[in-house]
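input-v9.pdb (PDB, N, CA and C atoms) appears below.
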MODEL        1
ATOM      1  N   MET A 251      31.397  61.317  23.540  1.00  0.00           N
ATOM      2  CA  MET A 251      31.777  62.052  22.346  1.00  0.00           C
ATOM      3  C   MET A 251      32.938  61.322  21.692  1.00  0.00           C
ATOM      4  N   SER A 252      32.693  60.760  20.517  1.00  0.00           N
ATOM      5  CA  SER A 252      33.761  60.014  19.861  1.00  0.00           C
ATOM      6  C   SER A 252      34.772  60.974  19.261  1.00  0.00           C
ATOM      7  N   ALA A 253      36.019  60.591  19.293  1.00  0.00           N
ATOM      8  CA  ALA A 253      37.100  61.435  18.785  1.00  0.00           C
ATOM      9  C   ALA A 253      37.245  61.184  17.287  1.00  0.00           C
ATOM     10  N   HIS A 254      36.392  61.833  16.484  1.00  0.00           N
ATOM     11  CA  HIS A 254      36.372  61.609  15.049  1.00  0.00           C
ATOM     12  C   HIS A 254      35.986  62.908  14.357  1.00  0.00           C
ATOM     13  N   CYS A 255      36.781  63.327  13.362  1.00  0.00           N
ATOM     14  CA  CYS A 255      36.506  64.559  12.627  1.00  0.00           C
ATOM     15  C   CYS A 255      35.629  64.258  11.424  1.00  0.00           C
ATOM     16  N   MET A 256      34.550  65.031  11.253  1.00  0.00           N
ATOM     17  CA  MET A 256      33.631  64.807  10.144  1.00  0.00           C
ATOM     18  C   MET A 256      34.255  65.168   8.798  1.00  0.00           C
ATOM     19  N   LEU A 257      35.170  66.131   8.771  1.00  0.00           N
ATOM     20  CA  LEU A 257      35.740  66.616   7.517  1.00  0.00           C
ATOM     21  C   LEU A 257      36.993  65.850   7.113  1.00  0.00           C
ATOM     22  N   THR A 258      37.954  65.764   8.006  1.00  0.00           N
ATOM     23  CA  THR A 258      39.234  65.149   7.657  1.00  0.00           C
ATOM     24  C   THR A 258      39.258  63.652   7.926  1.00  0.00           C
ATOM     25  N   GLY A 259      38.316  63.159   8.724  1.00  0.00           N
ATOM     26  CA  GLY A 259      38.300  61.736   9.048  1.00  0.00           C
ATOM     27  C   GLY A 259      39.321  61.350  10.094  1.00  0.00           C
ATOM     28  N   ALA A 260      39.907  62.325  10.798  1.00  0.00           N
ATOM     29  CA  ALA A 260      40.911  62.030  11.818  1.00  0.00           C
ATOM     30  C   ALA A 260      40.287  61.187  12.922  1.00  0.00           C
ATOM     31  N   ARG A 261      40.950  60.110  13.271  1.00  0.00           N
ATOM     32  CA  ARG A 261      40.506  59.197  14.320  1.00  0.00           C
ATOM     33  C   ARG A 261      41.641  59.001  15.317  1.00  0.00           C
ATOM     34  N   PRO A 262      41.362  58.390  16.460  1.00  0.00           N
ATOM     35  CA  PRO A 262      42.433  58.170  17.426  1.00  0.00           C
ATOM     36  C   PRO A 262      43.528  57.269  16.864  1.00  0.00           C
ATOM     37  N   GLY A 263      44.759  57.592  17.269  1.00  0.00           N
ATOM     38  CA  GLY A 263      45.886  56.716  16.985  1.00  0.00           C
ATOM     39  C   GLY A 263      46.201  55.941  18.254  1.00  0.00           C
ATOM     40  N   PHE A 264      46.875  54.825  18.120  1.00  0.00           N
ATOM     41  CA  PHE A 264      47.171  53.991  19.274  1.00  0.00           C
ATOM     42  C   PHE A 264      48.669  53.779  19.387  1.00  0.00           C
ATOM     43  N   GLY A 265      49.123  53.629  20.608  1.00  0.00           N
ATOM     44  CA  GLY A 265      50.540  53.421  20.854  1.00  0.00           C
ATOM     45  C   GLY A 265      50.744  52.889  22.255  1.00  0.00           C
ATOM     46  N   ASN A 266      51.931  53.102  22.771  1.00  0.00           N
ATOM     47  CA  ASN A 266      52.266  52.609  24.094  1.00  0.00           C
ATOM     48  C   ASN A 266      52.747  53.730  24.990  1.00  0.00           C
ATOM     49  N   ARG A 267      52.353  53.660  26.275  1.00  0.00           N
ATOM     50  CA  ARG A 267      53.002  54.458  27.301  1.00  0.00           C
ATOM     51  C   ARG A 267      54.245  53.677  27.698  1.00  0.00           C
ATOM     52  N   VAL A 268      55.356  54.362  27.841  1.00  0.00           N
ATOM     53  CA  VAL A 268      56.578  53.689  28.245  1.00  0.00           C
ATOM     54  C   VAL A 268      57.041  54.318  29.554  1.00  0.00           C
ATOM     55  N   SER A 269      57.061  53.526  30.604  1.00  0.00           N
ATOM     56  CA  SER A 269      57.428  54.029  31.928  1.00  0.00           C
ATOM     57  C   SER A 269      58.946  54.162  32.047  1.00  0.00           C
ATOM     58  N   HIS A 270      59.368  54.674  33.176  1.00  0.00           N
ATOM     59  CA  HIS A 270      60.805  54.828  33.436  1.00  0.00           C
ATOM     60  C   HIS A 270      61.515  53.473  33.403  1.00  0.00           C
ATOM     61  N   SER A 271      60.824  52.425  33.878  1.00  0.00           N
ATOM     62  CA  SER A 271      61.413  51.082  33.856  1.00  0.00           C
ATOM     63  C   SER A 271      61.229  50.406  32.496  1.00  0.00           C
ATOM     64  N   HIS A 272      60.667  51.120  31.560  1.00  0.00           N
ATOM     65  CA  HIS A 272      60.471  50.684  30.171  1.00  0.00           C
ATOM     66  C   HIS A 272      59.367  49.631  30.013  1.00  0.00           C
ATOM     67  N   ARG A 273      58.440  49.573  30.973  1.00  0.00           N
ATOM     68  CA  ARG A 273      57.251  48.721  30.804  1.00  0.00           C
ATOM     69  C   ARG A 273      56.296  49.443  29.871  1.00  0.00           C
ATOM     70  N   ARG A 274      55.632  48.708  28.999  1.00  0.00           N
ATOM     71  CA  ARG A 274      54.750  49.308  28.002  1.00  0.00           C
ATOM     72  C   ARG A 274      53.299  48.967  28.301  1.00  0.00           C
ATOM     73  N   THR A 275      52.443  50.000  28.275  1.00  0.00           N
ATOM     74  CA  THR A 275      51.007  49.807  28.402  1.00  0.00           C
ATOM     75  C   THR A 275      50.335  50.590  27.282  1.00  0.00           C
ATOM     76  N   SER A 276      49.162  50.162  26.913  1.00  0.00           N
ATOM     77  CA  SER A 276      48.446  50.729  25.770  1.00  0.00           C
ATOM     78  C   SER A 276      47.914  52.131  26.075  1.00  0.00           C
ATOM     79  N   ARG A 277      47.883  52.980  25.056  1.00  0.00           N
ATOM     80  CA  ARG A 277      47.314  54.329  25.201  1.00  0.00           C
ATOM     81  C   ARG A 277      46.706  54.767  23.872  1.00  0.00           C
ATOM     82  N   ARG A 278      45.929  55.863  23.936  1.00  0.00           N
ATOM     83  CA  ARG A 278      45.293  56.440  22.742  1.00  0.00           C
ATOM     84  C   ARG A 278      45.785  57.858  22.536  1.00  0.00           C
ATOM     85  N   PHE A 279      45.984  58.230  21.275  1.00  0.00           N
ATOM     86  CA  PHE A 279      46.277  59.608  20.910  1.00  0.00           C
ATOM     87  C   PHE A 279      45.013  60.154  20.244  1.00  0.00           C
ATOM     88  N   ASP A 280      44.204  60.911  20.998  1.00  0.00           N
ATOM     89  CA  ASP A 280      42.951  61.435  20.452  1.00  0.00           C
ATOM     90  C   ASP A 280      43.199  62.731  19.690  1.00  0.00           C
ATOM     91  N   PRO A 281      42.525  62.924  18.537  1.00  0.00           N
ATOM     92  CA  PRO A 281      42.630  64.204  17.835  1.00  0.00           C
ATOM     93  C   PRO A 281      41.894  65.298  18.600  1.00  0.00           C
ATOM     94  N   ASN A 282      42.275  66.535  18.351  1.00  0.00           N
ATOM     95  CA  ASN A 282      41.681  67.685  19.033  1.00  0.00           C
ATOM     96  C   ASN A 282      40.347  68.017  18.363  1.00  0.00           C
ATOM     97  N   VAL A 283      39.275  67.307  18.776  1.00  0.00           N
ATOM     98  CA  VAL A 283      37.962  67.447  18.145  1.00  0.00           C
ATOM     99  C   VAL A 283      37.129  68.462  18.922  1.00  0.00           C
ATOM    100  N   GLN A 284      36.574  69.437  18.199  1.00  0.00           N
ATOM    101  CA  GLN A 284      35.736  70.487  18.774  1.00  0.00           C
ATOM    102  C   GLN A 284      34.385  70.470  18.061  1.00  0.00           C
ATOM    103  N   THR A 285      33.339  70.876  18.758  1.00  0.00           N
ATOM    104  CA  THR A 285      32.020  71.040  18.138  1.00  0.00           C
ATOM    105  C   THR A 285      31.865  72.516  17.788  1.00  0.00           C
ATOM    106  N   LYS A 286      31.598  72.799  16.500  1.00  0.00           N
ATOM    107  CA  LYS A 286      31.426  74.182  16.057  1.00  0.00           C
ATOM    108  C   LYS A 286      30.137  74.305  15.272  1.00  0.00           C
ATOM    109  N   ARG A 287      29.516  75.465  15.404  1.00  0.00           N
ATOM    110  CA  ARG A 287      28.269  75.733  14.704  1.00  0.00           C
ATOM    111  C   ARG A 287      28.552  76.742  13.599  1.00  0.00           C
ATOM    112  N   TYR A 288      28.151  76.419  12.377  1.00  0.00           N
ATOM    113  CA  TYR A 288      28.363  77.294  11.223  1.00  0.00           C
ATOM    114  C   TYR A 288      27.022  77.619  10.578  1.00  0.00           C
ATOM    115  N   TRP A 289      26.895  78.842  10.067  1.00  0.00           N
ATOM    116  CA  TRP A 289      25.720  79.240   9.300  1.00  0.00           C
ATOM    117  C   TRP A 289      25.905  78.742   7.877  1.00  0.00           C
ATOM    118  N   LEU A 290      24.920  78.005   7.373  1.00  0.00           N
ATOM    119  CA  LEU A 290      24.949  77.470   6.016  1.00  0.00           C
ATOM    120  C   LEU A 290      23.981  78.292   5.172  1.00  0.00           C
ATOM    121  N   PRO A 291      24.497  79.311   4.440  1.00  0.00           N
ATOM    122  CA  PRO A 291      23.594  80.231   3.739  1.00  0.00           C
ATOM    123  C   PRO A 291      22.745  79.562   2.666  1.00  0.00           C
ATOM    124  N   GLY A 292      23.265  78.535   2.007  1.00  0.00           N
ATOM    125  CA  GLY A 292      22.512  77.859   0.946  1.00  0.00           C
ATOM    126  C   GLY A 292      21.237  77.204   1.443  1.00  0.00           C
ATOM    127  N   GLU A 293      21.237  76.766   2.702  1.00  0.00           N
ATOM    128  CA  GLU A 293      20.064  76.098   3.272  1.00  0.00           C
ATOM    129  C   GLU A 293      19.347  76.968   4.291  1.00  0.00           C
ATOM    130  N   GLY A 294      19.925  78.138   4.611  1.00  0.00           N
ATOM    131  CA  GLY A 294      19.285  79.052   5.549  1.00  0.00           C
ATOM    132  C   GLY A 294      19.181  78.507   6.955  1.00  0.00           C
ATOM    133  N   ARG A 295      20.187  77.758   7.397  1.00  0.00           N
ATOM    134  CA  ARG A 295      20.163  77.173   8.738  1.00  0.00           C
ATOM    135  C   ARG A 295      21.584  77.005   9.255  1.00  0.00           C
ATOM    136  N   TYR A 296      21.668  76.735  10.557  1.00  0.00           N
ATOM    137  CA  TYR A 296      22.951  76.428  11.176  1.00  0.00           C
ATOM    138  C   TYR A 296      23.204  74.930  11.085  1.00  0.00           C
ATOM    139  N   VAL A 297      24.464  74.559  10.968  1.00  0.00           N
ATOM    140  CA  VAL A 297      24.859  73.155  11.066  1.00  0.00           C
ATOM    141  C   VAL A 297      25.898  73.043  12.173  1.00  0.00           C
ATOM    142  N   ARG A 298      25.811  71.973  12.928  1.00  0.00           N
ATOM    143  CA  ARG A 298      26.748  71.725  14.021  1.00  0.00           C
ATOM    144  C   ARG A 298      27.707  70.641  13.537  1.00  0.00           C
ATOM    145  N   LEU A 299      28.994  71.000  13.420  1.00  0.00           N
ATOM    146  CA  LEU A 299      29.996  70.079  12.905  1.00  0.00           C
ATOM    147  C   LEU A 299      30.987  69.723  14.000  1.00  0.00           C
ATOM    148  N   ARG A 300      31.422  68.467  14.018  1.00  0.00           N
ATOM    149  CA  ARG A 300      32.446  68.011  14.962  1.00  0.00           C
ATOM    150  C   ARG A 300      33.747  67.915  14.180  1.00  0.00           C
ATOM    151  N   LEU A 301      34.623  68.896  14.378  1.00  0.00           N
ATOM    152  CA  LEU A 301      35.820  69.044  13.565  1.00  0.00           C
ATOM    153  C   LEU A 301      37.073  69.025  14.428  1.00  0.00           C
ATOM    154  N   SER A 302      38.153  68.511  13.840  1.00  0.00           N
ATOM    155  CA  SER A 302      39.459  68.633  14.480  1.00  0.00           C
ATOM    156  C   SER A 302      39.955  70.053  14.246  1.00  0.00           C
ATOM    157  N   ALA A 303      41.028  70.430  14.927  1.00  0.00           N
ATOM    158  CA  ALA A 303      41.594  71.763  14.758  1.00  0.00           C
ATOM    159  C   ALA A 303      42.008  71.981  13.299  1.00  0.00           C
ATOM    160  N   ARG A 304      42.556  70.960  12.666  1.00  0.00           N
ATOM    161  CA  ARG A 304      42.916  71.053  11.250  1.00  0.00           C
ATOM    162  C   ARG A 304      41.663  71.205  10.384  1.00  0.00           C
ATOM    163  N   GLY A 305      40.576  70.517  10.749  1.00  0.00           N
ATOM    164  CA  GLY A 305      39.318  70.643  10.018  1.00  0.00           C
ATOM    165  C   GLY A 305      38.746  72.048  10.101  1.00  0.00           C
ATOM    166  N   ILE A 306      38.884  72.696  11.260  1.00  0.00           N
ATOM    167  CA  ILE A 306      38.405  74.073  11.424  1.00  0.00           C
ATOM    168  C   ILE A 306      39.190  75.006  10.516  1.00  0.00           C
ATOM    169  N   ARG A 307      40.515  74.816  10.442  1.00  0.00           N
ATOM    170  CA  ARG A 307      41.333  75.634   9.543  1.00  0.00           C
ATOM    171  C   ARG A 307      40.968  75.381   8.090  1.00  0.00           C
ATOM    172  N   THR A 308      40.614  74.150   7.745  1.00  0.00           N
ATOM    173  CA  THR A 308      40.198  73.826   6.380  1.00  0.00           C
ATOM    174  C   THR A 308      38.904  74.535   6.033  1.00  0.00           C
ATOM    175  N   VAL A 309      37.935  74.556   6.961  1.00  0.00           N
ATOM    176  CA  VAL A 309      36.671  75.261   6.722  1.00  0.00           C
ATOM    177  C   VAL A 309      36.939  76.748   6.535  1.00  0.00           C
ATOM    178  N   ASP A 310      37.846  77.317   7.325  1.00  0.00           N
ATOM    179  CA  ASP A 310      38.191  78.730   7.167  1.00  0.00           C
ATOM    180  C   ASP A 310      38.790  79.004   5.784  1.00  0.00           C
ATOM    181  N   ALA A 311      39.533  78.055   5.246  1.00  0.00           N
ATOM    182  CA  ALA A 311      40.204  78.252   3.959  1.00  0.00           C
ATOM    183  C   ALA A 311      39.263  78.055   2.774  1.00  0.00           C
ATOM    184  N   ILE A 312      38.446  76.981   2.790  1.00  0.00           N
ATOM    185  CA  ILE A 312      37.634  76.660   1.608  1.00  0.00           C
ATOM    186  C   ILE A 312      36.196  77.140   1.716  1.00  0.00           C
ATOM    187  N   GLY A 313      35.737  77.494   2.914  1.00  0.00           N
ATOM    188  CA  GLY A 313      34.363  77.940   3.100  1.00  0.00           C
ATOM    189  C   GLY A 313      33.472  76.811   3.588  1.00  0.00           C
ATOM    190  N   VAL A 314      32.403  77.198   4.256  1.00  0.00           N
ATOM    191  CA  VAL A 314      31.535  76.207   4.887  1.00  0.00           C
ATOM    192  C   VAL A 314      30.730  75.417   3.852  1.00  0.00           C
ATOM    193  N   GLU A 315      30.330  76.044   2.751  1.00  0.00           N
ATOM    194  CA  GLU A 315      29.555  75.328   1.722  1.00  0.00           C
ATOM    195  C   GLU A 315      30.371  74.189   1.118  1.00  0.00           C
ATOM    196  N   ALA A 316      31.628  74.469   0.747  1.00  0.00           N
ATOM    197  CA  ALA A 316      32.498  73.444   0.163  1.00  0.00           C
ATOM    198  C   ALA A 316      32.824  72.366   1.190  1.00  0.00           C
ATOM    199  N   ALA A 317      32.999  72.756   2.447  1.00  0.00           N
ATOM    200  CA  ALA A 317      33.301  71.782   3.494  1.00  0.00           C
ATOM    201  C   ALA A 317      32.130  70.835   3.711  1.00  0.00           C
ATOM    202  N   VAL A 318      30.917  71.372   3.751  1.00  0.00           N
ATOM    203  CA  VAL A 318      29.731  70.521   3.921  1.00  0.00           C
ATOM    204  C   VAL A 318      29.563  69.597   2.716  1.00  0.00           C
ATOM    205  N   ALA A 319      29.880  70.096   1.520  1.00  0.00           N
ATOM    206  CA  ALA A 319      29.811  69.250   0.325  1.00  0.00           C
ATOM    207  C   ALA A 319      30.794  68.087   0.442  1.00  0.00           C
ATOM    208  N   ARG A 320      31.995  68.347   0.948  1.00  0.00           N
ATOM    209  CA  ARG A 320      32.982  67.276   1.136  1.00  0.00           C
ATOM    210  C   ARG A 320      32.526  66.282   2.175  1.00  0.00           C
ATOM    211  N   ILE A 321      31.927  66.779   3.255  1.00  0.00           N
ATOM    212  CA  ILE A 321      31.440  65.889   4.309  1.00  0.00           C
ATOM    213  C   ILE A 321      30.342  64.999   3.768  1.00  0.00           C
ATOM    214  N   ARG A 322      29.422  65.563   3.001  1.00  0.00           N
ATOM    215  CA  ARG A 322      28.340  64.769   2.422  1.00  0.00           C
ATOM    216  C   ARG A 322      28.855  63.776   1.392  1.00  0.00           C
ATOM    217  N   ALA A 323      29.931  64.137   0.670  1.00  0.00           N
ATOM    218  CA  ALA A 323      30.520  63.208  -0.306  1.00  0.00           C
ATOM    219  C   ALA A 323      31.120  61.990   0.391  1.00  0.00           C
ATOM    220  N   ARG A 324      31.537  62.144   1.646  1.00  0.00           N
ATOM    221  CA  ARG A 324      32.060  61.011   2.419  1.00  0.00           C
ATOM    222  C   ARG A 324      30.925  60.152   2.966  1.00  0.00           C
ATOM    223  N   GLY A 325      29.672  60.580   2.782  1.00  0.00           N
ATOM    224  CA  GLY A 325      28.533  59.800   3.229  1.00  0.00           C
ATOM    225  C   GLY A 325      28.056  60.110   4.628  1.00  0.00           C
ATOM    226  N   VAL A 326      28.528  61.240   5.185  1.00  0.00           N
ATOM    227  CA  VAL A 326      28.121  61.631   6.538  1.00  0.00           C
ATOM    228  C   VAL A 326      26.921  62.566   6.433  1.00  0.00           C
ATOM    229  N   ARG A 327      25.907  62.324   7.261  1.00  0.00           N
ATOM    230  CA  ARG A 327      24.706  63.149   7.253  1.00  0.00           C
ATOM    231  C   ARG A 327      24.964  64.438   8.028  1.00  0.00           C
ATOM    232  N   VAL A 328      24.599  65.578   7.436  1.00  0.00           N
ATOM    233  CA  VAL A 328      24.785  66.878   8.090  1.00  0.00           C
ATOM    234  C   VAL A 328      23.431  67.518   8.301  1.00  0.00           C
TER     235      VAL A 328
ENDMDL
END

When written as structure tokens, how does the structure in this file appear?
Amino acid sequence: MSAHCMLTGARPGFGNRVSHSHRRTSRRFDPNVQTKRYWLPGEGRYVRLRLSARGIRTVDAIGVEAAVARIRARGVRV
């Protein structure tokens, strides 16, 4: 499961782990991506979206129809 939000485009960030002795090793900061199923009334079907926590709040604010329109405008198939 790739750590990528369909709505916001959030992807992993990269940085360093820093130990007590200050040695640095590579690490990833993954976004909080969840799979959620929404009813899409315009098409009469459910859609399964992979959204970050911020993306879920965005869908709650603007509605699922507008969110799917934004996702499709980014060129992602829903």

So that I can check the surroundings of Cys255 (chain A), please list as a PyMOL selection string every protein, DNA and RNA residue that reaches within 7 Å of it, counting all atoms listed in the file and ignoring chain neighbours fewer than 5 positions away. chain A and resi 260-261+283+300-302

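DSSP on the backbone gives strand (DSSP E) for these parts of chain A: Gly263, Phe264, Gly265, Asn266, Arg267, Val268, Arg274, Thr275, Ser276, Arg277, Arg278, Phe279, Val283, Gln284, Thr285, Lys286, Arg287, Tyr288, Trp289, Leu290, Arg295, Tyr296, Val297, Arg298, Leu299, Arg300, Leu301 and Ser302 of chain A.
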
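The nearest approach to Arg322 (chain A) among the residues A:Leu299, A:Arg274, A:Thr285, A:Arg304, with only C-alpha atoms taken into account, belongs to A:Leu299.
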
To one decimal place, how far is CA of Gly305 (chain A) from atom N of Ala323 (chain A) in Å? 14.8 Å

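Of note, atom N of Phe279 (chain A) and CA of Arg320 (chain A) are spaced 25.6 Å apart.
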
For Asn282 (chain A), the nearest of the candidates A:Ala253, A:Arg295, A:Thr258, A:His270, counting all atoms listed in the file: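 So, comparing all the options, the nearest one is A:Ala253.
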
Which distance in Å separates atom N of Pro291 (chain A) and atom N of Ala311 (chain A), to one decimal?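 Separation of atom N of Pro291 (chain A) and atom N of Ala311 (chain A): 15.1 Å.
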
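In this comparison, which uses all atoms listed in the file, the residue of A:Val328, A:Asp280, A:Asp310, A:Thr275 approaching Gly263 (chain A) most closely is A:Asp280.
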
Could you find all residues in chain A that DSSP calls alpha helix (DSSP H) from the backbone, and write them as a ChimeraX atom specification? /A:303-312,314-323

Just write the chosen residues, N, CA and C atoms, as an mmCIF file, keeping the file's coordinate frame.
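part-v8.cif written:
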data_model
loop_
_atom_site.group_PDB
_atom_site.id
_atom_site.type_symbol
_atom_site.label_atom_id
_atom_site.label_comp_id
_atom_site.auth_asym_id
_atom_site.auth_seq_id
_atom_site.Cartn_x
_atom_site.Cartn_y
_atom_site.Cartn_z
ATOM 1 N N ALA A 303 41.028 70.430 14.927
ATOM 2 C CA ALA A 303 41.594 71.763 14.758
ATOM 3 C C ALA A 303 42.008 71.981 13.299
ATOM 4 N N ARG A 304 42.556 70.960 12.666
ATOM 5 C CA ARG A 304 42.916 71.053 11.250
ATOM 6 C C ARG A 304 41.663 71.205 10.384
ATOM 7 N N GLY A 305 40.576 70.517 10.749
ATOM 8 C CA GLY A 305 39.318 70.643 10.018
ATOM 9 C C GLY A 305 38.746 72.048 10.101
ATOM 10 N N ILE A 306 38.884 72.696 11.260
ATOM 11 C CA ILE A 306 38.405 74.073 11.424
ATOM 12 C C ILE A 306 39.190 75.006 10.516
ATOM 13 N N ARG A 307 40.515 74.816 10.442
ATOM 14 C CA ARG A 307 41.333 75.634 9.543
ATOM 15 C C ARG A 307 40.968 75.381 8.090
ATOM 16 N N THR A 308 40.614 74.150 7.745
ATOM 17 C CA THR A 308 40.198 73.826 6.380
ATOM 18 C C THR A 308 38.904 74.535 6.033
ATOM 19 N N VAL A 309 37.935 74.556 6.961
ATOM 20 C CA VAL A 309 36.671 75.261 6.722
ATOM 21 C C VAL A 309 36.939 76.748 6.535
ATOM 22 N N ASP A 310 37.846 77.317 7.325
ATOM 23 C CA ASP A 310 38.191 78.730 7.167
ATOM 24 C C ASP A 310 38.790 79.004 5.784
ATOM 25 N N ALA A 311 39.533 78.055 5.246
ATOM 26 C CA ALA A 311 40.204 78.252 3.959
ATOM 27 C C ALA A 311 39.263 78.055 2.774
ATOM 28 N N ILE A 312 38.446 76.981 2.790
ATOM 29 C CA ILE A 312 37.634 76.660 1.608
ATOM 30 C C ILE A 312 36.196 77.140 1.716
ATOM 31 N N VAL A 314 32.403 77.198 4.256
ATOM 32 C CA VAL A 314 31.535 76.207 4.887
ATOM 33 C C VAL A 314 30.730 75.417 3.852
ATOM 34 N N GLU A 315 30.330 76.044 2.751
ATOM 35 C CA GLU A 315 29.555 75.328 1.722
ATOM 36 C C GLU A 315 30.371 74.189 1.118
ATOM 37 N N ALA A 316 31.628 74.469 0.747
ATOM 38 C CA ALA A 316 32.498 73.444 0.163
ATOM 39 C C ALA A 316 32.824 72.366 1.190
ATOM 40 N N ALA A 317 32.999 72.756 2.447
ATOM 41 C CA ALA A 317 33.301 71.782 3.494
ATOM 42 C C ALA A 317 32.130 70.835 3.711
ATOM 43 N N VAL A 318 30.917 71.372 3.751
ATOM 44 C CA VAL A 318 29.731 70.521 3.921
ATOM 45 C C VAL A 318 29.563 69.597 2.716
ATOM 46 N N ALA A 319 29.880 70.096 1.520
ATOM 47 C CA ALA A 319 29.811 69.250 0.325
ATOM 48 C C ALA A 319 30.794 68.087 0.442
ATOM 49 N N ARG A 320 31.995 68.347 0.948
ATOM 50 C CA ARG A 320 32.982 67.276 1.136
ATOM 51 C C ARG A 320 32.526 66.282 2.175
ATOM 52 N N ILE A 321 31.927 66.779 3.255
ATOM 53 C CA ILE A 321 31.440 65.889 4.309
ATOM 54 C C ILE A 321 30.342 64.999 3.768
ATOM 55 N N ARG A 322 29.422 65.563 3.001
ATOM 56 C CA ARG A 322 28.340 64.769 2.422
ATOM 57 C C ARG A 322 28.855 63.776 1.392
ATOM 58 N N ALA A 323 29.931 64.137 0.670
ATOM 59 C CA ALA A 323 30.520 63.208 -0.306
ATOM 60 C C ALA A 323 31.120 61.990 0.391
#

Have region 260-273 of chain A completed to N, CA, C and O atoms, please, and pass it along as a compact mmCIF listing (two decimals), in the frame of the given file.
# COMPACT_ATOMS: atom_id res chain seq x y z
N ALA A 260 39.91 62.32 10.80
CA ALA A 260 40.91 62.03 11.82
C ALA A 260 40.29 61.19 12.92
O ALA A 260 39.23 61.51 13.44
N ARG A 261 40.95 60.11 13.27
CA ARG A 261 40.51 59.20 14.32
C ARG A 261 41.64 59.00 15.32
O ARG A 261 42.77 59.38 15.04
N PRO A 262 41.36 58.39 16.46
CA PRO A 262 42.43 58.17 17.43
C PRO A 262 43.53 57.27 16.86
O PRO A 262 43.26 56.35 16.10
N GLY A 263 44.76 57.59 17.27
CA GLY A 263 45.89 56.72 16.98
C GLY A 263 46.20 55.94 18.25
O GLY A 263 45.81 56.35 19.35
N PHE A 264 46.88 54.82 18.12
CA PHE A 264 47.17 53.99 19.27
C PHE A 264 48.67 53.78 19.39
O PHE A 264 49.38 53.79 18.39
N GLY A 265 49.12 53.63 20.61
CA GLY A 265 50.54 53.42 20.85
C GLY A 265 50.74 52.89 22.26
O GLY A 265 49.84 52.30 22.85
N ASN A 266 51.93 53.10 22.77
CA ASN A 266 52.27 52.61 24.09
C ASN A 266 52.75 53.73 24.99
O ASN A 266 53.45 54.62 24.54
N ARG A 267 52.35 53.66 26.28
CA ARG A 267 53.00 54.46 27.30
C ARG A 267 54.24 53.68 27.70
O ARG A 267 54.17 52.46 27.87
N VAL A 268 55.36 54.36 27.84
CA VAL A 268 56.58 53.69 28.24
C VAL A 268 57.04 54.32 29.55
O VAL A 268 57.37 55.50 29.61
N SER A 269 57.06 53.53 30.60
CA SER A 269 57.43 54.03 31.93
C SER A 269 58.95 54.16 32.05
O SER A 269 59.70 53.79 31.15
N HIS A 270 59.37 54.67 33.18
CA HIS A 270 60.80 54.83 33.44
C HIS A 270 61.52 53.47 33.40
O HIS A 270 62.65 53.36 32.94
N SER A 271 60.82 52.42 33.88
CA SER A 271 61.41 51.08 33.86
C SER A 271 61.23 50.41 32.50
O SER A 271 61.59 49.25 32.34
N HIS A 272 60.67 51.12 31.56
CA HIS A 272 60.47 50.68 30.17
C HIS A 272 59.37 49.63 30.01
O HIS A 272 59.32 48.90 29.02
N ARG A 273 58.44 49.57 30.97
CA ARG A 273 57.25 48.72 30.80
C ARG A 273 56.30 49.44 29.87
O ARG A 273 56.14 50.66 29.95
